[in-house]
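> Following this line is entry30.pdb, made up of PDB, C-alpha atoms, pLDDT in the B column:
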ATOM      1  CA  MET N  27     -72.380 -99.369-116.258  1.00 86.00           C
ATOM      2  CA  ILE N  28     -69.561-100.115-118.699  1.00 93.00           C
ATOM      3  CA  ASP N  29     -69.920-103.335-120.698  1.00 95.00           C
ATOM      4  CA  TYR N  30     -66.314-104.475-120.518  1.00 96.00           C
ATOM      5  CA  GLN N  31     -67.181-108.053-121.501  1.00 96.00           C
ATOM      6  CA  LYS N  32     -68.152-107.024-125.040  1.00 96.00           C
ATOM      7  CA  ILE N  33     -64.624-106.070-126.128  1.00 97.00           C
ATOM      8  CA  ILE N  34     -63.078-108.954-124.188  1.00 98.00           C
ATOM      9  CA  ASP N  35     -65.319-111.396-126.056  1.00 97.00           C
ATOM     10  CA  LYS N  36     -64.352-109.779-129.368  1.00 97.00           C
ATOM     11  CA  TYR N  37     -60.598-110.263-128.929  1.00 97.00           C
ATOM     12  CA  TYR N  38     -60.401-113.156-126.447  1.00 97.00           C
ATOM     13  CA  PRO N  39     -62.619-115.982-127.736  1.00 96.00           C
ATOM     14  CA  VAL N  40     -64.110-118.491-125.317  1.00 97.00           C
ATOM     15  CA  GLY N  41     -62.106-121.700-125.250  1.00 96.00           C
ATOM     16  CA  THR N  42     -58.715-120.092-125.928  1.00 96.00           C
ATOM     17  CA  THR N  43     -55.726-120.106-123.613  1.00 95.00           C
ATOM     18  CA  ARG N  44     -55.403-116.363-124.257  1.00 96.00           C
ATOM     19  CA  ARG N  45     -58.873-115.767-122.793  1.00 97.00           C
ATOM     20  CA  ASP N  46     -58.312-118.025-119.783  1.00 97.00           C
ATOM     21  CA  ILE N  47     -55.089-116.222-118.886  1.00 97.00           C
ATOM     22  CA  TYR N  48     -56.586-112.793-119.563  1.00 97.00           C
ATOM     23  CA  MET N  49     -59.729-113.346-117.519  1.00 98.00           C
ATOM     24  CA  HIS N  50     -57.858-114.898-114.591  1.00 97.00           C
ATOM     25  CA  HIS N  51     -55.287-112.097-114.434  1.00 98.00           C
ATOM     26  CA  CYS N  52     -57.716-109.218-114.897  1.00 98.00           C
ATOM     27  CA  ARG N  53     -60.154-110.650-112.339  1.00 98.00           C
ATOM     28  CA  GLN N  54     -57.304-110.835-109.808  1.00 98.00           C
ATOM     29  CA  VAL N  55     -56.361-107.213-110.491  1.00 98.00           C
ATOM     30  CA  ALA N  56     -59.993-106.076-110.327  1.00 98.00           C
ATOM     31  CA  ASP N  57     -60.599-107.861-107.026  1.00 98.00           C
ATOM     32  CA  LYS N  58     -57.450-106.375-105.478  1.00 98.00           C
ATOM     33  CA  ALA N  59     -58.276-102.876-106.734  1.00 98.00           C
ATOM     34  CA  LEU N  60     -61.854-103.136-105.433  1.00 98.00           C
ATOM     35  CA  ASP N  61     -60.600-104.423-102.072  1.00 98.00           C
ATOM     36  CA  ILE N  62     -58.119-101.552-101.719  1.00 98.00           C
ATOM     37  CA  ALA N  63     -60.761 -99.014-102.732  1.00 98.00           C
ATOM     38  CA  GLN N  64     -63.138-100.326-100.087  1.00 98.00           C
ATOM     39  CA  LYS N  65     -60.528-100.494 -97.317  1.00 98.00           C
ATOM     40  CA  LYS N  66     -59.169 -97.027 -98.112  1.00 97.00           C
ATOM     41  CA  ALA N  67     -62.654 -95.560 -98.737  1.00 98.00           C
ATOM     42  CA  LEU N  68     -61.488 -94.190-102.072  1.00 98.00           C
ATOM     43  CA  ASP N  69     -63.835 -91.813-103.831  1.00 96.00           C
ATOM     44  CA  LEU N  70     -64.181 -93.958-106.962  1.00 98.00           C
ATOM     45  CA  ASP N  71     -67.171 -95.718-108.474  1.00 97.00           C
ATOM     46  CA  LYS N  72     -66.745 -99.482-108.051  1.00 97.00           C
ATOM     47  CA  ASN N  73     -68.129-100.119-111.557  1.00 97.00           C
ATOM     48  CA  ILE N  74     -65.453 -97.869-113.089  1.00 98.00           C
ATOM     49  CA  ILE N  75     -62.743 -99.601-111.030  1.00 98.00           C
ATOM     50  CA  GLU N  76     -63.924-103.008-112.185  1.00 98.00           C
ATOM     51  CA  ALA N  77     -64.184-102.001-115.852  1.00 98.00           C
ATOM     52  CA  ALA N  78     -60.773-100.311-115.859  1.00 98.00           C
ATOM     53  CA  ALA N  79     -59.133-103.289-114.159  1.00 98.00           C
ATOM     54  CA  MET N  80     -60.825-105.800-116.465  1.00 98.00           C
ATOM     55  CA  LEU N  81     -59.684-103.818-119.521  1.00 98.00           C
ATOM     56  CA  HIS N  82     -56.215-102.633-118.486  1.00 98.00           C
ATOM     57  CA  ASP N  83     -54.484-105.398-120.490  1.00 98.00           C
ATOM     58  CA  ILE N  84     -56.853-105.536-123.471  1.00 98.00           C
ATOM     59  CA  GLY N  85     -53.936-104.680-125.789  1.00 98.00           C
ATOM     60  CA  ILE N  86     -51.880-107.810-125.101  1.00 98.00           C
ATOM     61  CA  VAL N  87     -53.676-109.495-128.010  1.00 98.00           C
ATOM     62  CA  MET N  88     -51.799-107.125-130.346  1.00 98.00           C
ATOM     63  CA  THR N  89     -48.389-108.214-129.040  1.00 98.00           C
ATOM     64  CA  ASP N  90     -46.012-110.999-129.927  1.00 97.00           C
ATOM     65  CA  ALA N  91     -46.277-112.999-126.693  1.00 96.00           C
ATOM     66  CA  PRO N  92     -46.791-116.650-127.663  1.00 96.00           C
ATOM     67  CA  SER N  93     -46.378-117.866-124.069  1.00 94.00           C
ATOM     68  CA  ILE N  94     -49.754-116.263-123.308  1.00 95.00           C
ATOM     69  CA  ASP N  95     -51.297-117.161-126.681  1.00 94.00           C
ATOM     70  CA  CYS N  96     -50.908-113.662-128.146  1.00 95.00           C
ATOM     71  CA  HIS N  97     -49.660-113.625-131.720  1.00 97.00           C
ATOM     72  CA  GLY N  98     -49.666-109.976-132.750  1.00 97.00           C
ATOM     73  CA  SER N  99     -46.764-107.982-134.131  1.00 98.00           C
ATOM     74  CA  LEU N 100     -46.023-105.442-131.399  1.00 97.00           C
ATOM     75  CA  PRO N 101     -43.426-105.784-128.642  1.00 97.00           C
ATOM     76  CA  TYR N 102     -45.109-106.635-125.325  1.00 97.00           C
ATOM     77  CA  ILE N 103     -44.223-103.269-123.790  1.00 96.00           C
ATOM     78  CA  CYS N 104     -46.581-101.668-126.339  1.00 97.00           C
ATOM     79  CA  HIS N 105     -49.675-103.435-124.958  1.00 98.00           C
ATOM     80  CA  GLY N 106     -50.733-100.417-122.906  1.00 98.00           C
ATOM     81  CA  ILE N 107     -50.827 -97.930-125.745  1.00 97.00           C
ATOM     82  CA  ALA N 108     -52.284-100.560-128.091  1.00 98.00           C
ATOM     83  CA  GLY N 109     -55.043-101.262-125.569  1.00 98.00           C
ATOM     84  CA  ALA N 110     -55.799 -97.575-125.129  1.00 98.00           C
ATOM     85  CA  ASP N 111     -56.124 -97.209-128.914  1.00 98.00           C
ATOM     86  CA  MET N 112     -58.449-100.224-129.070  1.00 98.00           C
ATOM     87  CA  LEU N 113     -60.637 -98.872-126.267  1.00 98.00           C
ATOM     88  CA  ARG N 114     -60.852 -95.405-127.817  1.00 98.00           C
ATOM     89  CA  LYS N 115     -61.793 -96.857-131.222  1.00 98.00           C
ATOM     90  CA  GLU N 116     -64.495 -98.996-129.577  1.00 96.00           C
ATOM     91  CA  GLY N 117     -65.952 -95.937-127.804  1.00 97.00           C
ATOM     92  CA  TYR N 118     -64.992 -96.728-124.206  1.00 97.00           C
ATOM     93  CA  PRO N 119     -64.600 -93.822-121.765  1.00 97.00           C
ATOM     94  CA  GLU N 120     -61.301 -91.959-121.864  1.00 98.00           C
ATOM     95  CA  GLU N 121     -60.712 -92.590-118.155  1.00 97.00           C
ATOM     96  CA  VAL N 122     -60.689 -96.348-118.860  1.00 98.00           C
ATOM     97  CA  ALA N 123     -58.471 -95.999-121.961  1.00 98.00           C
ATOM     98  CA  ARG N 124     -55.968 -93.992-119.931  1.00 98.00           C
ATOM     99  CA  VAL N 125     -55.701 -96.800-117.362  1.00 98.00           C
ATOM    100  CA  ALA N 126     -54.694 -99.201-120.151  1.00 98.00           C
ATOM    101  CA  GLU N 127     -52.254 -96.641-121.521  1.00 98.00           C
ATOM    102  CA  ARG N 128     -50.587 -95.811-118.204  1.00 97.00           C
ATOM    103  CA  HIS N 129     -50.469 -99.014-116.130  1.00 97.00           C
ATOM    104  CA  THR N 130     -47.277-100.565-117.533  1.00 94.00           C
ATOM    105  CA  GLY N 131     -44.513-100.925-114.951  1.00 91.00           C
ATOM    106  CA  ALA N 132     -45.083 -98.187-112.418  1.00 94.00           C
ATOM    107  CA  GLY N 133     -45.552 -95.832-115.322  1.00 94.00           C
ATOM    108  CA  ILE N 134     -43.216 -94.990-118.175  1.00 95.00           C
ATOM    109  CA  SER N 135     -41.857 -91.477-118.559  1.00 93.00           C
ATOM    110  CA  ASP N 136     -40.655 -89.840-121.738  1.00 94.00           C
ATOM    111  CA  GLU N 137     -37.166 -89.938-120.189  1.00 92.00           C
ATOM    112  CA  ASP N 138     -37.496 -93.731-119.712  1.00 91.00           C
ATOM    113  CA  ILE N 139     -38.410 -94.115-123.382  1.00 94.00           C
ATOM    114  CA  LYS N 140     -35.298 -92.185-124.461  1.00 93.00           C
ATOM    115  CA  GLU N 141     -32.836 -93.584-121.918  1.00 90.00           C
ATOM    116  CA  LEU N 142     -33.924 -97.220-122.302  1.00 90.00           C
ATOM    117  CA  ASP N 143     -34.576 -96.904-126.055  1.00 94.00           C
ATOM    118  CA  LEU N 144     -38.080 -98.314-125.602  1.00 94.00           C
ATOM    119  CA  PRO N 145     -40.162 -99.027-128.731  1.00 96.00           C
ATOM    120  CA  LEU N 146     -42.862 -96.540-127.718  1.00 96.00           C
ATOM    121  CA  PRO N 147     -43.873 -93.215-129.216  1.00 95.00           C
ATOM    122  CA  PRO N 148     -42.550 -90.256-127.217  1.00 95.00           C
ATOM    123  CA  GLY N 149     -44.923 -89.377-124.409  1.00 94.00           C
ATOM    124  CA  ASN N 150     -45.793 -89.555-120.771  1.00 94.00           C
ATOM    125  CA  TYR N 151     -47.339 -92.871-119.780  1.00 97.00           C
ATOM    126  CA  MET N 152     -47.367 -92.214-116.047  1.00 97.00           C
ATOM    127  CA  PRO N 153     -50.486 -93.019-113.988  1.00 98.00           C
ATOM    128  CA  GLU N 154     -51.878 -89.662-112.896  1.00 97.00           C
ATOM    129  CA  THR N 155     -55.471 -90.030-111.742  1.00 98.00           C
ATOM    130  CA  LEU N 156     -56.518 -91.970-108.647  1.00 98.00           C
ATOM    131  CA  LEU N 157     -58.071 -94.665-110.861  1.00 98.00           C
ATOM    132  CA  GLU N 158     -54.924 -94.976-112.996  1.00 98.00           C
ATOM    133  CA  ARG N 159     -52.686 -95.239-109.932  1.00 98.00           C
ATOM    134  CA  LEU N 160     -54.973 -97.772-108.201  1.00 98.00           C
ATOM    135  CA  VAL N 161     -55.149-100.216-111.124  1.00 98.00           C
ATOM    136  CA  CYS N 162     -51.446 -99.793-111.867  1.00 98.00           C
ATOM    137  CA  TYR N 163     -50.640-100.664-108.251  1.00 98.00           C
ATOM    138  CA  ALA N 164     -52.995-103.663-108.064  1.00 98.00           C
ATOM    139  CA  ASP N 165     -51.602-105.019-111.340  1.00 98.00           C
ATOM    140  CA  LYS N 166     -48.070-105.257-109.970  1.00 97.00           C
ATOM    141  CA  PHE N 167     -49.075-108.128-107.675  1.00 98.00           C
ATOM    142  CA  TYR N 168     -50.113-110.526-110.440  1.00 97.00           C
ATOM    143  CA  SER N 169     -48.409-112.110-113.416  1.00 93.00           C
ATOM    144  CA  LYS N 170     -49.909-113.675-116.515  1.00 93.00           C
ATOM    145  CA  SER N 171     -47.483-116.577-116.313  1.00 85.00           C
ATOM    146  CA  GLY N 172     -46.518-119.316-113.889  1.00 82.00           C
ATOM    147  CA  GLU N 173     -48.885-120.130-111.048  1.00 86.00           C
ATOM    148  CA  MET N 174     -50.582-116.723-111.276  1.00 91.00           C
ATOM    149  CA  LYS N 175     -50.718-116.408-107.495  1.00 95.00           C
ATOM    150  CA  GLU N 176     -50.436-113.072-105.721  1.00 97.00           C
ATOM    151  CA  LYS N 177     -46.828-111.930-105.458  1.00 97.00           C
ATOM    152  CA  SER N 178     -45.367-110.886-102.136  1.00 96.00           C
ATOM    153  CA  LEU N 179     -44.447-107.232-101.682  1.00 97.00           C
ATOM    154  CA  GLU N 180     -40.795-108.311-101.675  1.00 96.00           C
ATOM    155  CA  LYS N 181     -41.173-109.982-105.092  1.00 96.00           C
ATOM    156  CA  VAL N 182     -42.938-106.937-106.519  1.00 97.00           C
ATOM    157  CA  ARG N 183     -40.170-104.665-105.255  1.00 97.00           C
ATOM    158  CA  ASP N 184     -37.540-106.977-106.730  1.00 95.00           C
ATOM    159  CA  SER N 185     -39.333-106.942-110.081  1.00 93.00           C
ATOM    160  CA  MET N 186     -39.624-103.147-110.076  1.00 94.00           C
ATOM    161  CA  SER N 187     -35.956-102.694-109.143  1.00 93.00           C
ATOM    162  CA  ARG N 188     -34.883-104.811-112.136  1.00 90.00           C
ATOM    163  CA  HIS N 189     -36.357-102.154-114.440  1.00 84.00           C
ATOM    164  CA  SER N 190     -34.714 -99.146-112.799  1.00 85.00           C
ATOM    165  CA  SER N 191     -34.332 -97.338-109.503  1.00 89.00           C
ATOM    166  CA  ALA N 192     -36.829 -94.758-110.792  1.00 90.00           C
ATOM    167  CA  THR N 193     -39.405 -97.509-111.421  1.00 92.00           C
ATOM    168  CA  LEU N 194     -38.915 -98.842-107.899  1.00 95.00           C
ATOM    169  CA  ALA N 195     -39.265 -95.332-106.457  1.00 95.00           C
ATOM    170  CA  ARG N 196     -42.526 -94.837-108.375  1.00 96.00           C
ATOM    171  CA  PHE N 197     -43.822 -98.170-107.096  1.00 97.00           C
ATOM    172  CA  GLU N 198     -42.900 -97.227-103.515  1.00 97.00           C
ATOM    173  CA  LYS N 199     -44.914 -94.048-103.886  1.00 97.00           C
ATOM    174  CA  LEU N 200     -47.914 -96.095-105.065  1.00 98.00           C
ATOM    175  CA  HIS N 201     -47.395 -98.515-102.179  1.00 98.00           C
ATOM    176  CA  GLN N 202     -47.448 -95.664 -99.653  1.00 98.00           C
ATOM    177  CA  GLU N 203     -50.685 -94.420-101.167  1.00 98.00           C
ATOM    178  CA  PHE N 204     -52.521 -97.748-101.280  1.00 98.00           C
ATOM    179  CA  SER N 205     -51.108 -99.979 -98.524  1.00 93.00           C
TER     180      SER N 205
END
Rewrite the structure from the file as C-alpha cells, please.

Amino acid sequence: MIDYQKIIDKYYPVGTTRRDIYMHHCRQVADKALDIAQKKALDLDKNIIEAAAMLHDIGIVMTDAPSIDCHGSLPYICHGIAGADMLRKEGYPEEVARVAERHTGAGISDEDIKELDLPLPPGNYMPETLLERLVCYADKFYSKSGEMKEKSLEKVRDSMSRHSSATLARFEKLHQEFS
C-alpha cells in the first residue's frame, strides 16, 4: 500500500485553501478512475489507482497559480514534470511518478512543446500505460476552480479542442477506451 497522504501533508498543510482544493479535486479524480476501473474490469490494483490519482497533481504547489493558493515559480503547465520529480525524490514508485508526469492535457508530445513553444524540457509526456491513460482521462472531468463539479463530456471536448485538434483527438481515443 502506497502512503500517498504523507507527501500531501508535507506540501499541502491542513487548514490551507491549497489543501482543500487539492484534496477535493484529487478525490474526485480517484473516485472516477476507480469507478471506471471497476466497470471496465481493468487489470489494475485499486490501491495503485487511488495513489496515482491522489498524487497526479502533487506538483501544482511548485507553480505560480495564486487562484488555487499555489505560490511557486513555475508556469502551471510544468506541474506534471515538477510533481514527477517530487515523487521520485521522495521515493514513490516510478509508475506513480509517470502518472503525474504524463497526465497534463491529453498528453503533451515533443512536437507540441516545439510547435506551441511550451516552457517544458524536450520530451514525450504522453500517457502510455493503462494506469497513466486512466488517470489522465478521469482528470479531464474535473477542474480545480469554480464549482468543482463534474464536467459534461461536451465541456471536456470543448476544453480539449481549445488546446489543439491533436489534443482533442488524443482525448477522443481515451474516451473510446474508457467510456
> Report as a VMD selection string all protein, DNA and RNA residues lying within 12 Å of N:Ser171, evaluated on all atoms listed in the file, omitting residues in the same chain fewer than 5 positions from it.
chain N and resid 43 to 44 46 to 48 50 to 51 91 to 95 176 to 177
> Find the residues near N:Ala77: any atom within 8 Å, counting only C-alpha atoms, skip ones fewer than 4 places away on the same chain, and give them as a list of chain:residue names.
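Counting only the stated atoms, we get N:Ile28, N:Asp29, N:Tyr30, N:Asn73, N:Leu81, N:Val122.
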> Kindly export the residues of the current selection with C-alpha atoms, as a PDB file, in the coordinates of the input.

ATOM      1  CA  ILE N  28     -69.561-100.115-118.699  1.00 93.00           C
ATOM      2  CA  ASP N  29     -69.920-103.335-120.698  1.00 95.00           C
ATOM      3  CA  TYR N  30     -66.314-104.475-120.518  1.00 96.00           C
ATOM      4  CA  ASN N  73     -68.129-100.119-111.557  1.00 97.00           C
ATOM      5  CA  LEU N  81     -59.684-103.818-119.521  1.00 98.00           C
ATOM      6  CA  VAL N 122     -60.689 -96.348-118.860  1.00 98.00           C
TER       7      VAL N 122
END
> Please provide as a list in words all residues within 8 Å of N:Arg114, with the sequence filter that same-chain residues fewer than 5 positions apart are discarded (counting all atoms listed in the file).
Pro119, Glu120 and Ala123 of chain N
> If you measure from atom CA of N:Thr42 to atom CA of N:Leu100, what distance in Å do you get, rounded to one decimal?
20.1 Å
> Convert the output of the PyMOL selection byres ((chain N and resi 152-169) around 9) on the shown file into explicit residues, formatted as an NGL selection string.
:N and (51-52 or 54-59 or 62-63 or 68-70 or 74-75 or 78-79 or 82 or 121-122 or 124-135 or 150-151 or 170-179 or 181-182 or 185-186 or 197 or 200-201 or 203-204)
> To one decimal place, how far is atom CA of N:Asp138 from atom CA of N:Tyr118 in Å?
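About the pair atom CA of N:Asp138 and atom CA of N:Tyr118: they are 28.0 Å apart.
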> If you measure from atom CA of N:Gly85 to atom CA of N:His105, what distance in Å do you get, rounded to one decimal?
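Straight-line distance from atom CA of N:Gly85 to atom CA of N:His105 works out to 4.5 Å.
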> Please provide the set of residues having any atom within 9 Å of N:Thr89, restricted to all atoms listed in the file, with same-chain residues fewer than 4 positions apart removed, written as a PyMOL selection string.
chain N and resi 85+96-105+108
